[in-house]
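Input: a single structure, listed below in C-alpha cells.
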Amino acid sequence: MRVSRPLSALTGIALLGIALTACQDQAGGQITARNGVRHVETFSNPSIHGCHRFREGVTHVTNYTQSNMLLYTTPDCTVPPGGASVYLTMQSSDEVVRSSGLWQSFSFASG
C-alpha cells in the first residue's frame, strides 16, 4: 500500500510533537496564588523540577497547568513533623485550612 508524501510528513510532525511533549521540562500554564482576596503571585510555565517558593505565605492556589503539584507549609518543600503536603491536581484549586498554616512552597508530583 502506497502512502502519500503529505500524509507521511504529517505523521512525522505528529510523532515529533509527541516526543517533544514527553521531554518537557516545564509545567505548561499558570499557577496563581492569593492571600485572602489579595493576589500574591503568578508563575507562568514553571520548571517541573525542584522546589518553588511563594514570595509570602498564601491561602489559595489555582493550578492552571497540565501537571499535578504538591503544596507545602514550609519554604523548602519539606513536610514538617506531624504535617502533610497537599496534592493539587491539574486544572484545579484549593484553599488552605486555617489549622495547617499558610502555603509557602510547591513542587510538581512525579509521574
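Residues are named by chain letter and number: chains run A, B, ... in the order of the C-alpha cells, numbers start at 1 in each chain, and ligands are numbered from 1 in the order shown.
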
Spatial neighbours of Cys51 of chain A, 10 Å, only C-alpha atoms, chain gap at least 4 places, as a JSON list (two decimals) with C-alpha atoms, in the first residue's frame:
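Saved file part26.json follows:
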```
[["chain", "number", "residue", "atom", "x", "y", "z"],
["A", 47, "SER", "CA", 10.02, 24.26, 35.73],
["A", 70, "LEU", "CA", 2.25, 19.40, 45.92],
["A", 72, "TYR", "CA", 3.84, 22.75, 51.50],
["A", 75, "PRO", "CA", 9.64, 27.27, 52.46],
["A", 76, "ASP", "CA", 11.77, 24.33, 51.28],
["A", 77, "CYS", "CA", 9.15, 21.80, 50.10],
["A", 78, "THR", "CA", 9.54, 19.56, 53.13],
["A", 105, "SER", "CA", 6.24, 26.49, 48.62],
["A", 106, "PHE", "CA", 5.30, 23.93, 45.96],
["A", 107, "SER", "CA", 6.79, 21.25, 43.77],
["A", 108, "PHE", "CA", 5.43, 19.10, 40.99]]
```

* Please identify all polymer residues within 7 Å of segment 24-37 of chain A, counting only C-alpha atoms, omitting same-chain residues fewer than 4 positions from it, and present them as a ChimeraX atom specification. => /A:20,41-48,58-67

* Could you please determine the separation between atom CA of Ala109 of chain A and atom CA of Met90 of chain A in Å, to one decimal place? => 10.4 Å

* What does the distance from atom CA of Thr89 of chain A to atom CA of Ser110 of chain A come to in Å, to one decimal? -> 12.0 Å

* Near-Thr74 of chain A list (8 Å; only C-alpha atoms; drop same-chain fewer than 6 positions) as a ChimeraX atom specification -> /A:80,103-105
